[in-house]
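Okay, model_7.tsv is below, TSV, C-alpha atoms and all ligand atoms:
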```tsv
chain	number	residue	atom	x	y	z
A	41	ALA	CA	14.24	-1.03	-42.41
A	42	THR	CA	13.57	-4.14	-40.32
A	43	LEU	CA	16.16	-4.64	-37.65
A	44	THR	CA	16.68	-6.40	-34.35
A	45	LEU	CA	17.87	-4.86	-31.12
A	46	SER	CA	19.37	-7.47	-28.78
A	47	VAL	CA	20.52	-6.90	-25.23
A	48	ILE	CA	22.41	-9.91	-23.90
A	49	LYS	CA	24.02	-9.82	-20.48
A	50	ALA	CA	25.94	-12.00	-18.09
A	51	ASP	CA	27.90	-11.72	-14.88
A	52	VAL	CA	31.24	-13.27	-15.80
A	53	GLY	CA	33.20	-11.87	-12.88
A	54	GLY	CA	32.89	-9.06	-10.36
A	55	TYR	CA	35.27	-6.28	-9.32
A	56	VAL	CA	35.53	-5.95	-6.29
A	57	GLY	CA	33.37	-8.80	-5.02
A	58	HIS	CA	30.02	-8.40	-6.80
A	59	SER	CA	30.04	-4.58	-6.89
A	60	ALA	CA	31.16	-3.72	-10.41
A	61	CYS	CA	32.63	-4.92	-13.68
A	62	HIS	CA	36.36	-4.42	-14.41
A	63	GLU	CA	37.21	-2.18	-17.38
A	64	ALA	CA	39.34	-4.98	-18.88
A	65	LEU	CA	36.17	-7.03	-19.47
A	66	LEU	CA	34.44	-4.15	-21.21
A	67	ASP	CA	37.54	-3.61	-23.38
A	68	GLU	CA	37.67	-7.27	-24.35
A	69	ALA	CA	33.97	-7.23	-25.27
A	70	ARG	CA	34.43	-4.05	-27.36
A	71	THR	CA	37.39	-5.54	-29.22
A	72	LEU	CA	35.50	-8.71	-30.13
A	73	LEU	CA	32.32	-6.89	-31.11
A	74	SER	CA	34.28	-4.46	-33.33
A	75	GLN	CA	35.62	-7.48	-35.17
A	76	ALA	CA	32.10	-8.88	-35.56
A	77	GLN	CA	30.93	-5.49	-36.82
A	78	ALA	CA	33.81	-5.32	-39.34
A	79	LYS	CA	32.77	-8.77	-40.62
A	80	GLY	CA	29.21	-7.52	-41.05
A	81	GLU	CA	27.70	-9.87	-38.44
A	82	ILE	CA	26.20	-6.97	-36.50
A	83	LEU	CA	25.27	-3.43	-37.53
A	84	ASP	CA	26.37	-1.71	-34.35
A	85	PHE	CA	27.02	-2.35	-30.67
A	86	TYR	CA	27.45	-0.67	-27.30
A	87	VAL	CA	29.06	-2.26	-24.27
A	88	THR	CA	28.37	-1.20	-20.69
A	89	ALA	CA	27.95	-2.64	-17.21
A	90	CYS	CA	25.44	-2.41	-14.43
A	91	GLY	CA	27.05	-3.59	-11.20
A	92	ASP	CA	28.76	-6.92	-11.89
A	93	ASP	CA	26.78	-7.51	-15.09
A	94	LEU	CA	28.40	-7.09	-18.49
A	95	GLN	CA	25.87	-5.74	-20.99
A	96	LEU	CA	26.10	-6.25	-24.76
A	97	ILE	CA	23.73	-4.05	-26.76
A	98	LEU	CA	23.64	-5.19	-30.39
A	99	THR	CA	21.79	-4.23	-33.56
A	100	HIS	CA	21.57	-6.60	-36.52
A	101	THR	CA	19.24	-7.94	-39.21
A	102	HIS	CA	19.05	-11.59	-38.15
A	103	GLY	CA	15.89	-11.48	-36.05
A	104	THR	CA	15.39	-12.60	-32.45
A	105	ASP	CA	16.78	-15.89	-31.08
A	106	HIS	CA	19.34	-16.06	-33.87
A	107	ALA	CA	21.92	-18.79	-33.24
A	108	GLY	CA	24.77	-16.74	-34.74
A	109	ILE	CA	24.07	-13.66	-32.62
A	110	HIS	CA	23.64	-15.72	-29.46
A	111	HIS	CA	26.82	-17.62	-30.27
A	112	LEU	CA	28.67	-14.32	-30.71
A	113	ALA	CA	27.48	-13.13	-27.28
A	114	TRP	CA	28.42	-16.48	-25.73
A	115	ASP	CA	31.92	-16.28	-27.23
A	116	VAL	CA	32.32	-12.73	-25.91
A	117	PHE	CA	31.29	-13.87	-22.42
A	118	LYS	CA	33.70	-16.84	-22.66
A	119	ALA	CA	36.57	-14.57	-23.67
A	120	CYS	CA	35.71	-12.08	-20.91
A	121	THR	CA	35.64	-14.99	-18.45
A	122	GLU	CA	39.25	-15.75	-19.43
A	123	VAL	CA	40.18	-12.12	-18.72
A	124	ALA	CA	38.32	-12.34	-15.40
A	125	ARG	CA	40.21	-15.53	-14.52
A	126	ARG	CA	43.57	-13.91	-15.26
A	127	LEU	CA	42.71	-11.00	-12.95
A	128	LYS	CA	41.18	-13.45	-10.46
A	129	LEU	CA	38.02	-11.36	-10.46
A	130	TYR	CA	35.26	-12.63	-8.23
A	131	GLY	CA	32.96	-15.36	-9.54
A	132	ALA	CA	34.63	-15.59	-12.97
A	133	GLY	CA	32.22	-17.18	-15.44
A	134	GLN	CA	29.43	-17.38	-12.86
A	135	ASP	CA	26.49	-16.93	-15.25
A	136	LEU	CA	27.77	-19.35	-17.90
A	137	LEU	CA	25.93	-22.39	-16.63
A	138	ALA	CA	26.64	-24.65	-19.60
A	139	ASP	CA	30.04	-25.89	-20.78
A	140	ALA	CA	29.37	-25.48	-24.47
A	141	PHE	CA	27.05	-23.31	-26.53
A	142	SER	CA	24.00	-25.14	-27.88
A	143	GLY	CA	22.15	-22.86	-30.27
A	144	ASN	CA	20.56	-20.28	-27.96
A	145	VAL	CA	21.78	-18.54	-24.80
A	146	ARG	CA	18.30	-18.81	-23.24
A	147	GLY	CA	18.45	-21.25	-20.38
A	148	MET	CA	22.27	-21.23	-20.40
A	149	GLY	CA	22.66	-18.43	-17.85
A	150	PRO	CA	22.92	-15.12	-19.74
A	151	GLY	CA	19.86	-12.83	-19.78
A	152	VAL	CA	18.32	-11.76	-23.09
A	153	ALA	CA	15.83	-9.13	-24.23
A	154	GLU	CA	15.37	-8.76	-27.98
A	155	MET	CA	12.90	-7.07	-30.30
A	156	THR	CA	12.57	-6.93	-34.07
A	157	ILE	CA	11.17	-3.63	-35.30
A	158	GLU	CA	10.44	-1.57	-38.36
A	159	GLU	CA	12.68	1.39	-37.58
A	160	ARG	CA	10.49	4.50	-37.58
A	161	PRO	CA	11.56	7.82	-39.16
A	162	SER	CA	12.84	8.54	-35.65
A	163	GLU	CA	13.28	5.65	-33.23
A	164	PRO	CA	14.04	6.60	-29.60
A	165	VAL	CA	14.59	3.57	-27.36
A	166	ILE	CA	15.54	3.19	-23.71
A	167	ILE	CA	17.44	0.21	-22.40
A	168	PHE	CA	16.98	-0.44	-18.70
A	169	MET	CA	19.52	-2.62	-16.92
A	170	ALA	CA	19.34	-3.59	-13.26
A	171	ASP	CA	21.67	-5.27	-10.77
A	172	LYS	CA	20.98	-7.01	-7.44
A	173	THR	CA	17.37	-7.77	-8.31
A	174	SER	CA	15.32	-10.14	-10.48
A	175	ALA	CA	13.18	-10.15	-13.61
A	176	GLY	CA	9.94	-9.26	-11.82
A	177	ALA	CA	11.44	-5.82	-11.09
A	178	TRP	CA	10.01	-4.52	-14.40
A	179	ASN	CA	6.38	-5.44	-13.62
A	180	LEU	CA	5.51	-2.31	-11.67
A	181	PRO	CA	7.35	0.19	-13.90
A	182	LEU	CA	5.95	-1.40	-17.09
A	183	TYR	CA	2.45	-1.28	-15.66
A	184	LYS	CA	2.88	2.38	-14.81
A	185	MET	CA	4.37	3.26	-18.20
A	186	PHE	CA	1.75	1.51	-20.30
A	187	ALA	CA	-1.38	1.31	-18.16
A	188	ASP	CA	-1.40	4.00	-15.49
A	189	PRO	CA	-2.74	7.40	-16.59
A	190	PHE	CA	-1.41	8.97	-13.38
A	191	ASN	CA	2.05	8.14	-14.73
A	192	THR	CA	1.54	8.36	-18.47
A	193	ALA	CA	-0.42	11.42	-19.49
A	194	GLY	CA	-0.49	10.21	-23.09
A	195	LEU	CA	-2.93	7.42	-22.21
A	196	VAL	CA	-5.50	10.14	-21.62
A	197	ILE	CA	-4.30	12.96	-23.84
A	198	SER	CA	-2.78	11.36	-26.93
A	199	PRO	CA	-5.09	9.85	-29.57
A	200	SER	CA	-2.27	7.49	-30.59
A	201	MET	CA	-2.16	5.87	-27.13
A	202	HIS	CA	-5.75	6.20	-25.98
A	203	ALA	CA	-6.65	2.63	-27.05
A	204	GLY	CA	-4.28	1.20	-24.44
A	205	PHE	CA	-1.77	-1.64	-24.65
A	206	ARG	CA	-1.48	-5.42	-24.53
A	207	PHE	CA	0.66	-7.20	-21.89
A	208	GLU	CA	2.19	-10.65	-22.36
A	209	VAL	CA	2.79	-12.23	-18.96
A	210	HIS	CA	4.88	-15.34	-18.27
A	211	ASP	CA	4.45	-17.69	-15.33
A	212	VAL	CA	8.06	-18.77	-14.72
A	213	ILE	CA	7.05	-21.58	-12.35
A	214	GLU	CA	4.48	-23.35	-14.58
A	215	HIS	CA	6.13	-22.21	-17.84
A	216	ARG	CA	2.97	-20.79	-19.41
A	217	ARG	CA	1.88	-17.46	-20.81
A	218	ILE	CA	-1.20	-15.24	-20.94
A	219	VAL	CA	-2.10	-11.96	-22.64
A	220	PHE	CA	-4.11	-9.10	-21.10
A	221	ASP	CA	-5.53	-5.98	-22.76
A	222	THR	CA	-5.46	-2.72	-20.83
A	223	PRO	CA	-7.32	-0.73	-19.69
A	224	GLU	CA	-10.13	-3.33	-20.06
A	225	GLU	CA	-8.37	-6.09	-18.12
A	226	SER	CA	-6.05	-4.04	-15.88
A	227	TYR	CA	-7.41	-5.57	-12.70
A	228	ASP	CA	-6.96	-9.11	-14.05
A	229	LEU	CA	-3.43	-8.20	-15.10
A	230	LEU	CA	-2.64	-6.87	-11.62
A	231	VAL	CA	-3.86	-10.09	-9.97
A	232	PHE	CA	-0.84	-11.79	-11.51
A	233	ILE	CA	1.92	-9.25	-12.01
A	234	GLY	CA	1.59	-8.07	-8.40
A	235	ALA	CA	3.25	-11.43	-7.60
A	236	ALA	CA	6.43	-10.40	-9.38
A	237	GLY	CA	8.50	-13.38	-8.22
A	238	ARG	CA	6.40	-15.70	-10.32
A	239	TYR	CA	4.50	-13.74	-13.01
A	240	MET	CA	6.61	-11.48	-15.16
A	241	VAL	CA	5.72	-9.05	-17.92
A	242	LYS	CA	7.60	-10.46	-20.91
A	243	ALA	CA	6.46	-7.92	-23.49
A	244	VAL	CA	4.06	-5.07	-24.17
A	245	TYR	CA	2.44	-4.42	-27.56
A	246	THR	CA	0.19	-1.76	-29.01
A	247	LYS	CA	-3.32	-2.99	-29.78
A	248	ARG	CA	-2.28	-2.92	-33.44
A	249	GLY	CA	0.50	-5.38	-32.68
A	250	ALA	CA	3.64	-3.22	-32.64
A	251	ILE	CA	6.17	-4.26	-30.02
A	252	ALA	CA	6.57	-1.59	-27.35
A	253	ALA	CA	8.69	-3.25	-24.67
A	254	VAL	CA	10.43	-6.54	-24.01
A	255	SER	CA	12.16	-7.86	-20.90
A	256	SER	CA	14.47	-10.72	-19.97
A	257	THR	CA	12.49	-13.10	-17.76
A	258	GLN	CA	14.37	-16.28	-16.93
A	259	ARG	CA	15.12	-17.19	-13.33
A	260	LEU	CA	18.66	-18.45	-12.99
A	261	ALA	CA	17.89	-20.14	-9.71
A	262	LEU	CA	15.23	-22.24	-11.43
A	263	ILE	CA	17.67	-23.13	-14.18
A	264	ALA	CA	20.55	-24.02	-11.88
A	265	GLY	CA	18.36	-25.49	-9.10
A	266	LYS	CA	20.19	-23.50	-6.45
A	267	TYR	CA	21.19	-19.93	-5.76
A	268	VAL	CA	23.61	-18.77	-8.46
A	269	GLY	CA	23.22	-15.01	-8.23
A	270	LYS	CA	20.13	-13.13	-9.23
A	271	ASP	CA	18.88	-12.84	-12.77
A	272	ASP	CA	19.68	-9.17	-12.91
A	273	PRO	CA	17.25	-8.20	-15.65
A	274	VAL	CA	17.20	-5.95	-18.70
A	275	CYS	CA	14.31	-4.35	-20.55
A	276	ILE	CA	14.00	-2.48	-23.87
A	277	VAL	CA	11.28	0.17	-24.27
A	278	ARG	CA	10.40	2.12	-27.45
A	279	CYS	CA	9.38	5.72	-26.89
A	280	GLN	CA	7.38	8.58	-28.40
A	281	GLY	CA	4.65	8.60	-31.02
A	282	GLU	CA	2.34	5.65	-30.37
A	283	PHE	CA	4.49	4.75	-27.33
A	284	PRO	CA	4.94	6.66	-24.06
A	285	ALA	CA	7.25	9.70	-24.17
A	286	VAL	CA	10.79	9.33	-22.81
A	287	GLY	CA	9.76	11.13	-19.62
A	288	GLU	CA	6.70	8.91	-19.18
A	289	VAL	CA	8.92	5.84	-19.53
A	290	LEU	CA	11.34	7.15	-16.88
A	291	GLU	CA	8.73	8.47	-14.43
A	292	PRO	CA	7.95	5.10	-12.70
A	293	PHE	CA	11.50	5.07	-11.33
A	294	THR	CA	10.85	8.14	-9.16
A	295	LEU	CA	9.20	5.79	-6.68
A	296	PRO	CA	11.30	3.82	-4.18
A	297	HIS	CA	9.88	0.58	-5.53
A	298	ILE	CA	10.78	-2.43	-3.39
A	299	VAL	CA	12.19	-5.40	-5.29
A	300	GLU	CA	13.77	-8.71	-4.36
A	301	GLY	CA	17.51	-9.13	-4.58
A	302	TRP	CA	20.12	-7.11	-2.69
A	303	MET	CA	22.49	-9.05	-0.38
A	304	ARG	CA	22.78	-12.72	-1.44
A	305	GLY	CA	19.67	-12.26	-3.59
A	306	SER	CA	17.70	-12.82	-0.39
A	307	HIS	CA	16.37	-9.43	0.67
A	308	TYR	CA	13.84	-6.83	-0.32
A	309	GLY	CA	15.21	-3.40	-1.06
A	310	PRO	CA	14.42	-0.25	-3.03
A	311	LEU	CA	15.37	-0.10	-6.72
A	312	MET	CA	17.55	3.01	-7.00
A	313	PRO	CA	17.75	4.81	-10.38
A	314	VAL	CA	21.35	5.90	-10.97
A	315	PRO	CA	23.71	7.13	-13.69
A	316	VAL	CA	26.06	4.46	-15.05
A	317	ARG	CA	28.98	5.72	-12.91
A	318	GLN	CA	26.91	5.01	-9.78
A	319	ALA	CA	25.77	1.56	-10.88
A	320	THR	CA	28.21	0.03	-8.40
A	321	PRO	CA	26.13	-1.42	-5.54
A	322	SER	CA	28.37	-1.49	-2.47
A	323	ARG	CA	26.20	-0.88	0.60
A	324	PHE	CA	25.19	-4.35	1.83
A	325	ASP	CA	25.86	-5.26	-1.84
A	326	GLY	CA	23.19	-2.79	-2.89
A	327	PRO	CA	20.71	-1.31	-2.71
A	328	PRO	CA	19.49	-2.68	-6.07
A	329	ARG	CA	20.35	-0.37	-8.99
A	330	VAL	CA	18.76	0.47	-12.31
A	331	ILE	CA	20.34	2.40	-15.18
A	332	ALA	CA	18.60	3.74	-18.29
A	333	LEU	CA	20.49	4.34	-21.52
A	334	GLY	CA	18.67	6.18	-24.28
A	335	PHE	CA	19.57	5.75	-27.97
A	336	GLN	CA	18.22	7.06	-31.22
A	337	LEU	CA	18.44	4.32	-33.85
A	338	ALA	CA	19.57	5.41	-37.32
A	339	GLU	CA	19.48	2.55	-39.85
A	340	GLY	CA	20.50	0.29	-36.98
A	341	ARG	CA	23.28	2.56	-35.75
A	342	LEU	CA	23.08	3.24	-32.02
A	343	ILE	CA	23.21	7.03	-31.71
A	344	GLY	CA	24.03	7.61	-28.07
A	345	PRO	CA	23.75	6.73	-25.33
A	346	ARG	CA	22.29	9.38	-23.12
A	347	ASP	CA	22.62	8.38	-19.47
A	348	LEU	CA	19.01	9.21	-18.60
A	349	PHE	CA	19.09	8.87	-14.81
A	350	ASP	CA	22.01	11.32	-14.73
A	351	ASP	CA	19.52	14.07	-13.96
A	352	PRO	CA	18.98	15.96	-10.68
A	353	GLY	CA	15.29	15.24	-11.25
A	354	PHE	CA	16.03	11.77	-9.84
A	355	ASP	CA	17.94	13.02	-6.77
A	356	GLU	CA	14.85	12.85	-4.55
A	357	ALA	CA	14.08	9.30	-5.73
A	358	ARG	CA	17.63	8.31	-4.76
A	359	ARG	CA	17.24	9.99	-1.37
A	360	LEU	CA	13.94	8.20	-0.74
A	361	CYS	CA	15.58	4.90	-1.67
A	362	ASN	CA	18.26	5.57	0.96
A	363	VAL	CA	15.65	6.38	3.61
A	364	LEU	CA	13.83	3.15	2.83
A	365	ALA	CA	17.11	1.22	2.67
A	366	ASP	CA	17.93	2.38	6.22
A	367	ALA	CA	14.52	1.32	7.51
A	368	LEU	CA	14.74	-2.11	5.90
A	369	ARG	CA	18.36	-2.71	6.93
A	370	GLN	CA	17.41	-2.25	10.58
A	371	HIS	CA	15.33	-5.42	10.27
A	372	GLY	CA	18.52	-7.40	9.70
A	373	PRO	CA	17.67	-11.10	9.25
A	374	PHE	CA	13.96	-10.56	9.88
A	375	GLU	CA	11.23	-10.64	7.27
A	376	PRO	CA	10.05	-8.61	5.44
A	377	HIS	CA	13.61	-7.40	4.81
A	378	ARG	CA	14.72	-11.00	4.33
A	379	LEU	CA	12.66	-12.81	1.68
A	380	PRO	CA	9.95	-15.22	2.89
A	381	MET	CA	10.90	-18.86	3.41
A	382	GLU	CA	9.46	-20.11	0.09
A	383	ALA	CA	11.63	-17.67	-1.81
A	384	MET	CA	14.68	-18.81	0.16
A	385	GLU	CA	14.29	-22.40	-1.01
A	386	TYR	CA	16.63	-21.73	-3.88
A	387	THR	CA	19.31	-20.22	-1.68
A	388	THR	CA	21.76	-22.01	0.56
A	389	LEU	CA	19.39	-21.63	3.53
A	390	PRO	CA	18.00	-25.20	3.10
A	391	GLU	CA	21.55	-26.50	3.69
A	392	VAL	CA	21.75	-24.56	6.95
A	393	MET	CA	18.33	-25.87	7.99
A	394	ALA	CA	19.15	-29.48	7.05
A	395	ARG	CA	21.91	-29.51	9.66
A	396	LEU	CA	19.30	-28.81	12.36
A	397	ALA	CA	16.66	-31.25	11.10
A	398	GLU	CA	17.48	-33.91	13.73
A	399	ARG	CA	17.19	-31.45	16.62
A	400	TRP	CA	13.47	-30.77	16.09
A	401	GLN	CA	11.19	-32.57	18.58
A	402	PRO	CA	7.42	-32.99	18.18
A	403	LEU	CA	5.20	-30.76	20.36
A	404	GLU	CA	3.12	-32.69	22.90
A	405	ASP	CA	-0.57	-31.70	22.82
B	501	LIG	C1	23.56	-10.66	-4.89
B	501	LIG	C2	25.01	-10.68	-4.98
B	501	LIG	C3	25.82	-10.60	-3.73
B	501	LIG	C4	26.36	-11.97	-3.32
B	501	LIG	C5	27.18	-11.89	-2.04
B	501	LIG	C6	27.80	-13.22	-1.68
B	501	LIG	O1	22.99	-10.75	-6.14
B	501	LIG	O2	25.58	-10.81	-6.04
B	501	LIG	O3	25.08	-10.02	-2.69
B	501	LIG	O4	25.31	-12.86	-3.15
B	501	LIG	O5	28.23	-10.96	-2.22
B	501	LIG	O6	28.53	-13.65	-2.77
B	501	LIG	P1	29.25	-15.06	-2.88
B	501	LIG	O7	28.34	-16.07	-2.30
B	501	LIG	O8	29.45	-15.18	-4.36
B	501	LIG	O9	30.55	-14.91	-2.12
B	502	MG	MG	24.63	-8.89	-10.90
```
Could I get this file's structure written as structure tokens?
Ligand code: F6R
Ligand code: MG
Amino acid sequence: ATLTLSVIKADVGGYVGHSACHEALLDEARTLLSQAQAKGEILDFYVTACGDDLQLILTHTHGTDHAGIHHLAWDVFKACTEVARRLKLYGAGQDLLADAFSGNVRGMGPGVAEMTIEERPSEPVIIFMADKTSAGAWNLPLYKMFADPFNTAGLVISPSMHAGFRFEVHDVIEHRRIVFDTPEESYDLLVFIGAAGRYMVKAVYTKRGAIAAVSSTQRLALIAGKYVGKDDPVCIVRCQGEFPAVGEVLEPFTLPHIVEGWMRGSHYGPLMPVPVRQATPSRFDGPPRVIALGFQLAEGRLIGPRDLFDDPGFDEARRLCNVLADALRQHGPFEPHRLPMEAMEYTTLPEVMARLAERWQPLED
């Protein structure tokens, strides 16, 4: 059957501060989505949170960018904002940048990753959700999953993957896109996606055109014109068969990969893979977290989840992230812990600098 898997997320209020999502918001979302399911608007749903981000995982038959599905998610976020306001949670409604819904949540604040698939006889998928980082955080792991044979043995060993994959990359500054085939154009691909603050892997396809992975890519700061929290991203990856195995998809997260985000969205820090119960970034509002929920799809039903980073196999990765976090934290307000000046333009730093503008005197030479 043809079906669509949509992951739509927003930060509509944090508990406590920006560290987690209150259970009352998850309950409200579950109640509303059960009603939508009873009415037949969606096939199935799962609600979770990563840090302060409320995550709606939906299956349906309406295709991607469907106004009704996006409207449903928007209404859920609105209702959860009301709950957040009653509890005076922190930053209630922060990611809802528009006053009224206008057809599509893209560009309105929430993050979206959606794919329409022909459900295979067995359809394992992994949904990655991250907090205290930004959309470029998937570039390195997606490259490793789909283009690095040192990560993904199947690229070498499996006839169904040996042809390689196709990467769609978006330039979020110039609003343009480009497609690269790997392994042929891996070096060209890396020229761009190595600059993960600007070029972001939007999707990966097999060479025969099947969707393998899709990410949320918008930059909230660019939408709002100032710092409004990071665009804590999500990513859906299909596994097994002509796609990487579950373990090949998870393997890139064993590396203490440094991403932008963390405190005030203005620092570099390691992306720590954690079980859902540990997706509560507290230390210096971090370090950045990533969770991975695995589902088997069955006629659109979400069988699961399995909390895939809840495995001692990731203990060492978490330890390495803490070692790196200590080293970076000791730099305090100095780069390269703090983001470079250009990346701070969308924070409140320009306001601080503006106050000192008059005090600068020309150098005599
Ligand atoms: C980063 C994040 C937090 C906040 C920080 C200040 O993505 O969410 O680090 O930036 O707690 O929060 P405000 O300015 O909302 O008080
Ligand atoms: Mg967040």
Spatial neighbours of Leu364 of chain A, 8 Å, only C-alpha atoms, chain gap at least 2 places, as a short mmCIF file (atom, residue, chain, number, x, y, z; two decimals) with C-alpha atoms, in the coordinates of the input:
```cif
data_model
loop_
_atom_site.label_atom_id
_atom_site.label_comp_id
_atom_site.auth_asym_id
_atom_site.auth_seq_id
_atom_site.Cartn_x
_atom_site.Cartn_y
_atom_site.Cartn_z
CA PRO A 296 11.30 3.82 -4.18
CA GLY A 309 15.21 -3.40 -1.06
CA PRO A 310 14.42 -0.25 -3.03
CA LEU A 360 13.94 8.20 -0.74
CA CYS A 361 15.58 4.90 -1.67
CA ASN A 362 18.26 5.57 0.96
CA ASP A 366 17.93 2.38 6.22
CA ALA A 367 14.52 1.32 7.51
CA LEU A 368 14.74 -2.11 5.90
#
```
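Here atom CA of Trp400 of chain A is placed at a distance of 17.6 Å from atom CA of Met381 of chain A.
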List every residue of chain A that has an atom at most 6 Å from any atom of ligand MG 502 (chain B), and for each one report the closest atom pair and its distance in Å to one decimal, counting only C-alpha atoms and all ligand atoms, with rows sorted by chain and then by increasing residue number, as a Markdown table.
```
| residue | atom | partner | partner_atom | distance |
| --- | --- | --- | --- | --- |
| A:Asp51 | CA | B:MG502 | MG | 5.9 |
| A:Gly91 | CA | B:MG502 | MG | 5.8 |
| A:Asp92 | CA | B:MG502 | MG | 4.7 |
| A:Asp93 | CA | B:MG502 | MG | 4.9 |
| A:Asp171 | CA | B:MG502 | MG | 4.7 |
| A:Lys172 | CA | B:MG502 | MG | 5.4 |
| A:Asp272 | CA | B:MG502 | MG | 5.3 |
```
Given the point (38.2, -7.2, -5.2) in the file's coordinates, find the residues that have an atom at most 9 Å from it, counting only C-alpha atoms, and give them as a count of residues only.
9
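The two atoms in question, atom CA of His297 of chain A and atom CA of Leu311 of chain A, are spaced 5.7 Å apart.
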Quick one: residues within 6 Å of ligand LIG 501 (chain B), with all atoms listed in the file, as a ChimeraX atom specification?
/A:58,172,269-270,301-305,325
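Counting all atoms listed in the file, the residue from A:Val363, A:Leu342, A:Ile213, A:Ala138 that sits nearest to Ser46 of chain A is A:Leu342.
Note that the spacing between atom CA of Lys184 of chain A and atom CA of Ala252 of chain A amounts to 13.7 Å.
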Would you tabulate, counting only C-alpha atoms, all residues of segment 292-373 of chain A that have an atom at most 12 Å from an atom of segment 221-244 of chain A, showing the closest pair of atoms and their distance in Å to one decimal, sorted by chain then ascending number, as CSV?
```
residue,atom,partner,partner_atom,distance
A:Ile298,CA,A:Ala236,CA,10.9
A:Val299,CA,A:Ala236,CA,8.7
A:Glu300,CA,A:Gly237,CA,8.0
A:Gly301,CA,A:Gly237,CA,10.6
A:Tyr308,CA,A:Gly237,CA,11.6
```
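Each of A:Gly143, A:Pro402, A:Pro345, A:Gly372 was checked against Tyr86 of chain A using all atoms listed in the file; the smallest atom-to-atom distance is that of A:Pro345.
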Using only C-alpha atoms, what residues lie at most 10 Å away from (37.2, -5.0, -14.8) (file coordinates), given as a PyMOL selection string?
chain A and resi 53-56+60-68+89+92+94+120+123-124+127+129
Show me, as a PDB file with C-alpha atoms, keeping the file's coordinate frame, the residues that have an atom within 12 Å of Glu158 of chain A when counting only C-alpha atoms, minus same-chain residues fewer than 5 positions from it.
```pdb
ATOM      1  CA  ALA A  41      14.240  -1.030 -42.410  1.00  0.00           C
ATOM      2  CA  THR A  42      13.570  -4.140 -40.320  1.00  0.00           C
ATOM      3  CA  LEU A  43      16.160  -4.640 -37.650  1.00  0.00           C
ATOM      4  CA  THR A  44      16.680  -6.400 -34.350  1.00  0.00           C
ATOM      5  CA  LEU A  45      17.870  -4.860 -31.120  1.00  0.00           C
ATOM      6  CA  THR A 101      19.240  -7.940 -39.210  1.00  0.00           C
ATOM      7  CA  GLY A 103      15.890 -11.480 -36.050  1.00  0.00           C
ATOM      8  CA  GLU A 163      13.280   5.650 -33.230  1.00  0.00           C
ATOM      9  CA  ALA A 250       3.640  -3.220 -32.640  1.00  0.00           C
ATOM     10  CA  ILE A 251       6.170  -4.260 -30.020  1.00  0.00           C
ATOM     11  CA  ALA A 252       6.570  -1.590 -27.350  1.00  0.00           C
ATOM     12  CA  ARG A 278      10.400   2.120 -27.450  1.00  0.00           C
ATOM     13  CA  LEU A 337      18.440   4.320 -33.850  1.00  0.00           C
ATOM     14  CA  ALA A 338      19.570   5.410 -37.320  1.00  0.00           C
ATOM     15  CA  GLU A 339      19.480   2.550 -39.850  1.00  0.00           C
ATOM     16  CA  GLY A 340      20.500   0.290 -36.980  1.00  0.00           C
TER      17      GLY A 340
END
```
Considering all atoms listed in the file, give me a table of residues in segment 249-311 of chain A that are at most 7 Å from segment 186-207 of chain A, with the closest atom pair and distance in Å for each, as CSV.
```
residue,atom,partner,partner_atom,distance
A:Glu282,CA,A:Ser200,CA,5.0
A:Phe283,CA,A:Met201,CA,6.7
A:Pro284,CA,A:Gly194,CA,6.6
A:Glu288,CA,A:Thr192,CA,5.2
A:Glu291,CA,A:Asn191,CA,6.7
A:Pro292,CA,A:Asn191,CA,6.9
```
Which residue out of A:Pro150, A:Pro161, A:Pro313, A:Pro181 has the minimum interatomic distance to Ala253 of chain A when all atoms listed in the file are used?
A:Pro181
Might I get the box with edges along x, y and z of the file that holds all atoms of segment 385-391 of chain A listed there, padded by 8 Å on every side, given as centre and edge lengths in Å to one decimal, as lines of an AutoDock Vina configuration file?
```
center_x = 18.0
center_y = -23.4
center_z = -0.1
size_x = 23.5
size_y = 22.3
size_z = 23.6
```
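You can rank A:Gln75, A:Thr99, A:Thr257, A:Thr88 by their closest distance to Thr173 of chain A using all atoms listed in the file, and at the top of that list sits A:Thr257.
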Just want the 9 Å neighbourhood of His111 of chain A, counted on all atoms listed in the file, with same-chain residues fewer than 3 positions away dropped. Output as a PDB file with C-alpha atoms, keeping the file's coordinate frame.
```pdb
ATOM      1  CA  HIS A 106      19.340 -16.060 -33.870  1.00  0.00           C
ATOM      2  CA  ALA A 107      21.920 -18.790 -33.240  1.00  0.00           C
ATOM      3  CA  GLY A 108      24.770 -16.740 -34.740  1.00  0.00           C
ATOM      4  CA  TRP A 114      28.420 -16.480 -25.730  1.00  0.00           C
ATOM      5  CA  ASP A 115      31.920 -16.280 -27.230  1.00  0.00           C
ATOM      6  CA  VAL A 116      32.320 -12.730 -25.910  1.00  0.00           C
ATOM      7  CA  PHE A 141      27.050 -23.310 -26.530  1.00  0.00           C
ATOM      8  CA  SER A 142      24.000 -25.140 -27.880  1.00  0.00           C
ATOM      9  CA  GLY A 143      22.150 -22.860 -30.270  1.00  0.00           C
ATOM     10  CA  ASN A 144      20.560 -20.280 -27.960  1.00  0.00           C
ATOM     11  CA  VAL A 145      21.780 -18.540 -24.800  1.00  0.00           C
TER      12      VAL A 145
END
```
Considering all atoms listed in the file, can you say which of A:Val316, A:Ala175, A:Val52, A:Met169 comes closest to Glu122 of chain A?
A:Val52
